[in-house]
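A short write-up of the structure that comes next.
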Amino acid sequence: MSVASEIREEQKKALSTMSTKEKFAYFWDYYKIHTLAAIIIIVIAISFIVQVATNKDYAFYAVLVDAVTSESNYDLTETWNSEFLEYAQIDPDEYKVYIDTSLSLTEGVDMQYTIANEQKLFAMLQAGNVSALVSGTESFETYAQFQYFYDMESILSKEEADKYRPYFYYTDAATFDDGNDAPSLDPSEQEDPGTRIVNHRDPASMEQPVAVGIILTEDNKIADAGYYTYLTVGEYQYQGYPSDAVLGIPLTNKEPALVIRFLEYLQLGD
């Protein structure tokens with residue numbers, strides 16, 4: 001008989017004379033580490049299986065940059081997520097909706113945090129993960145000048161264009177950098193875009209106006225909830241005119257029609 005067999009025989013004899021309570025204490029003393037390890041492995045495995053089984057792709061992901069509202073509206077976007085999911089008739093078993101108000105690009109608060117958010121947003125835009133982007137005029141115009149957004153006239157029907165035209169945000173394609181002119185390395189010779197006088201609500205003031213956004217400063221759910229109210233209360237200006245909250249549809253979004261549904265959900269102008 002092997003040593004292992006002898007040990008098992010001795011254990012059987014010892015256990016046969018023990019009460020249930022004594023057996024449990026014996027088992028715990030000798031096997032608690034093995035038991036805990038097994039439990040941890042099982043819990044991790046179950047958690048992983050549940051996560052994989054319940055993980056869903058985003059049908060719609062909107063980023064509201066520098067969105068600020070009162071504490072009472074803290075959970076409002078959760079309501080919008082579920083409401084728009086139903087409004088747009090998105091299959092909740094397959095997809096989910098998320099309206100992200102966590103990104104801040106405000107300079108001077110925490111430079112590292114701002115840079116990290118800029119990198120995150122840039123990566124998401126490049127990957128096509130952002131369905132719609134909302135931000136103040138200054139940030140929005142920066143992305144518009146990089147030609148990140150659809151021309152709204154190209155994706156709206158005639159009826160939709162007539163409805164939203166009073167809310168169109170225009171940028172001047174004549175100011176786009178076509179890459180043909182070598183930029184000056186002397187900062188003193190570079191124009192600060194913020195010093196230009198540009199009315200982004202008025203296409204007549206531009207050489208090549210392109211409607212790249214929808215102004216959401218008023219008459220919609222986002223405005224009514226208090227998001228971006230600070231722009232008007234603080235009388236923020238950019239390029240000589242009051243700043244607005246503007247929505248744009250990134251060119252990397254392959255389903256821009258869903259953003260039009262989102263504009264309907266926001267009840268813009270209704």
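Residues are named by chain letter and number: chains run A, B, ... in the order of the structure tokens, numbers start at 1 in each chain, and ligands are numbered from 1 in the order shown.
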
With a distance cut-off of 10 Å and only C-alpha atoms, select the neighbouring residues of region 218-233 of chain A, excluding the residue or stretch itself and same-chain residues fewer than 5 positions from it, and output the selection as number ranges by chain. A: 64-70, 72-73, 76-77, 80, 101, 134-137, 167, 242-246, 263-270

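Secondary structure of region 129-186 of chain A, helix (DSSP H, G or I) only (DSSP, backbone atoms): Thr137, Glu138, Ser139, Phe140, Glu141, Thr142, Tyr143, Ala144, Gln145, Met152, Glu153, Ser154, Ile155, Lys158, Glu159, Glu160, Ala161, Asp162, Lys163, Tyr164, Arg165, Pro166, Tyr167, Ala173, Ala174 and Thr175 of chain A.
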
Residues from last step as file, N, CA and C atoms, as a PDB file, in the first residue's frame:
ATOM      1  N   THR A 137     -19.061  76.490 -29.461  1.00  0.00           N
ATOM      2  CA  THR A 137     -18.592  76.949 -30.769  1.00  0.00           C
ATOM      3  C   THR A 137     -17.088  76.789 -30.957  1.00  0.00           C
ATOM      4  N   GLU A 138     -16.292  77.161 -29.961  1.00  0.00           N
ATOM      5  CA  GLU A 138     -14.843  77.137 -30.140  1.00  0.00           C
ATOM      6  C   GLU A 138     -14.332  75.738 -30.438  1.00  0.00           C
ATOM      7  N   SER A 139     -14.732  74.765 -29.620  1.00  0.00           N
ATOM      8  CA  SER A 139     -14.298  73.383 -29.859  1.00  0.00           C
ATOM      9  C   SER A 139     -14.872  72.858 -31.163  1.00  0.00           C
ATOM     10  N   PHE A 140     -16.147  73.164 -31.400  1.00  0.00           N
ATOM     11  CA  PHE A 140     -16.806  72.641 -32.604  1.00  0.00           C
ATOM     12  C   PHE A 140     -16.148  73.167 -33.861  1.00  0.00           C
ATOM     13  N   GLU A 141     -15.819  74.467 -33.886  1.00  0.00           N
ATOM     14  CA  GLU A 141     -15.210  75.049 -35.078  1.00  0.00           C
ATOM     15  C   GLU A 141     -13.839  74.453 -35.358  1.00  0.00           C
ATOM     16  N   THR A 142     -13.124  74.085 -34.307  1.00  0.00           N
ATOM     17  CA  THR A 142     -11.828  73.437 -34.492  1.00  0.00           C
ATOM     18  C   THR A 142     -11.984  72.145 -35.283  1.00  0.00           C
ATOM     19  N   TYR A 143     -12.956  71.310 -34.879  1.00  0.00           N
ATOM     20  CA  TYR A 143     -13.195  70.058 -35.596  1.00  0.00           C
ATOM     21  C   TYR A 143     -13.775  70.310 -36.982  1.00  0.00           C
ATOM     22  N   ALA A 144     -14.596  71.350 -37.113  1.00  0.00           N
ATOM     23  CA  ALA A 144     -15.177  71.686 -38.415  1.00  0.00           C
ATOM     24  C   ALA A 144     -14.094  72.066 -39.414  1.00  0.00           C
ATOM     25  N   GLN A 145     -13.080  72.802 -38.940  1.00  0.00           N
ATOM     26  CA  GLN A 145     -11.992  73.209 -39.825  1.00  0.00           C
ATOM     27  C   GLN A 145     -11.139  72.014 -40.267  1.00  0.00           C
ATOM     28  N   MET A 152     -24.767  69.054 -43.614  1.00  0.00           N
ATOM     29  CA  MET A 152     -26.138  68.679 -43.264  1.00  0.00           C
ATOM     30  C   MET A 152     -27.049  68.663 -44.476  1.00  0.00           C
ATOM     31  N   GLU A 153     -26.775  69.533 -45.451  1.00  0.00           N
ATOM     32  CA  GLU A 153     -27.604  69.574 -46.656  1.00  0.00           C
ATOM     33  C   GLU A 153     -27.509  68.266 -47.444  1.00  0.00           C
ATOM     34  N   SER A 154     -26.412  67.542 -47.271  1.00  0.00           N
ATOM     35  CA  SER A 154     -26.200  66.315 -48.048  1.00  0.00           C
ATOM     36  C   SER A 154     -26.900  65.104 -47.453  1.00  0.00           C
ATOM     37  N   ILE A 155     -27.309  65.184 -46.204  1.00  0.00           N
ATOM     38  CA  ILE A 155     -27.917  64.014 -45.564  1.00  0.00           C
ATOM     39  C   ILE A 155     -29.366  64.249 -45.133  1.00  0.00           C
ATOM     40  N   LYS A 158     -35.337  67.306 -48.210  1.00  0.00           N
ATOM     41  CA  LYS A 158     -35.719  68.704 -48.408  1.00  0.00           C
ATOM     42  C   LYS A 158     -36.591  69.194 -47.256  1.00  0.00           C
ATOM     43  N   GLU A 159     -37.522  68.352 -46.821  1.00  0.00           N
ATOM     44  CA  GLU A 159     -38.405  68.739 -45.718  1.00  0.00           C
ATOM     45  C   GLU A 159     -37.615  68.923 -44.427  1.00  0.00           C
ATOM     46  N   GLU A 160     -36.666  68.013 -44.175  1.00  0.00           N
ATOM     47  CA  GLU A 160     -35.843  68.118 -42.963  1.00  0.00           C
ATOM     48  C   GLU A 160     -34.943  69.346 -43.022  1.00  0.00           C
ATOM     49  N   ALA A 161     -34.356  69.604 -44.182  1.00  0.00           N
ATOM     50  CA  ALA A 161     -33.490  70.771 -44.333  1.00  0.00           C
ATOM     51  C   ALA A 161     -34.275  72.059 -44.099  1.00  0.00           C
ATOM     52  N   ASP A 162     -35.495  72.132 -44.619  1.00  0.00           N
ATOM     53  CA  ASP A 162     -36.338  73.324 -44.403  1.00  0.00           C
ATOM     54  C   ASP A 162     -36.655  73.498 -42.918  1.00  0.00           C
ATOM     55  N   LYS A 163     -36.854  72.377 -42.231  1.00  0.00           N
ATOM     56  CA  LYS A 163     -37.195  72.436 -40.814  1.00  0.00           C
ATOM     57  C   LYS A 163     -36.022  72.905 -39.966  1.00  0.00           C
ATOM     58  N   TYR A 164     -34.825  72.390 -40.258  1.00  0.00           N
ATOM     59  CA  TYR A 164     -33.671  72.667 -39.411  1.00  0.00           C
ATOM     60  C   TYR A 164     -32.794  73.825 -39.902  1.00  0.00           C
ATOM     61  N   ARG A 165     -33.092  74.373 -41.071  1.00  0.00           N
ATOM     62  CA  ARG A 165     -32.249  75.446 -41.611  1.00  0.00           C
ATOM     63  C   ARG A 165     -32.113  76.633 -40.647  1.00  0.00           C
ATOM     64  N   PRO A 166     -33.148  77.017 -39.919  1.00  0.00           N
ATOM     65  CA  PRO A 166     -32.971  78.128 -38.963  1.00  0.00           C
ATOM     66  C   PRO A 166     -31.949  77.820 -37.868  1.00  0.00           C
ATOM     67  N   TYR A 167     -31.599  76.538 -37.707  1.00  0.00           N
ATOM     68  CA  TYR A 167     -30.651  76.121 -36.672  1.00  0.00           C
ATOM     69  C   TYR A 167     -29.290  75.706 -37.258  1.00  0.00           C
ATOM     70  N   ALA A 173     -15.690  76.978 -45.882  1.00  0.00           N
ATOM     71  CA  ALA A 173     -14.762  76.029 -46.510  1.00  0.00           C
ATOM     72  C   ALA A 173     -13.567  76.729 -47.122  1.00  0.00           C
ATOM     73  N   ALA A 174     -13.688  78.025 -47.357  1.00  0.00           N
ATOM     74  CA  ALA A 174     -12.569  78.773 -47.934  1.00  0.00           C
ATOM     75  C   ALA A 174     -11.409  78.890 -46.963  1.00  0.00           C
ATOM     76  N   THR A 175     -11.675  78.655 -45.687  1.00  0.00           N
ATOM     77  CA  THR A 175     -10.611  78.747 -44.677  1.00  0.00           C
ATOM     78  C   THR A 175     -10.009  77.391 -44.338  1.00  0.00           C
TER      79      THR A 175
END

How many Å lie between CA of Phe262 (chain A) and CA of Glu86 (chain A), rounded to one decimal? 11.4 Å

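Between CA of Ile90 (chain A) and CA of Ala59 (chain A) the separation is 7.4 Å.
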
Gap from CA of Asp202 (chain A) to CA of Gln239 (chain A) - Å, one decimal: 13.1 Å
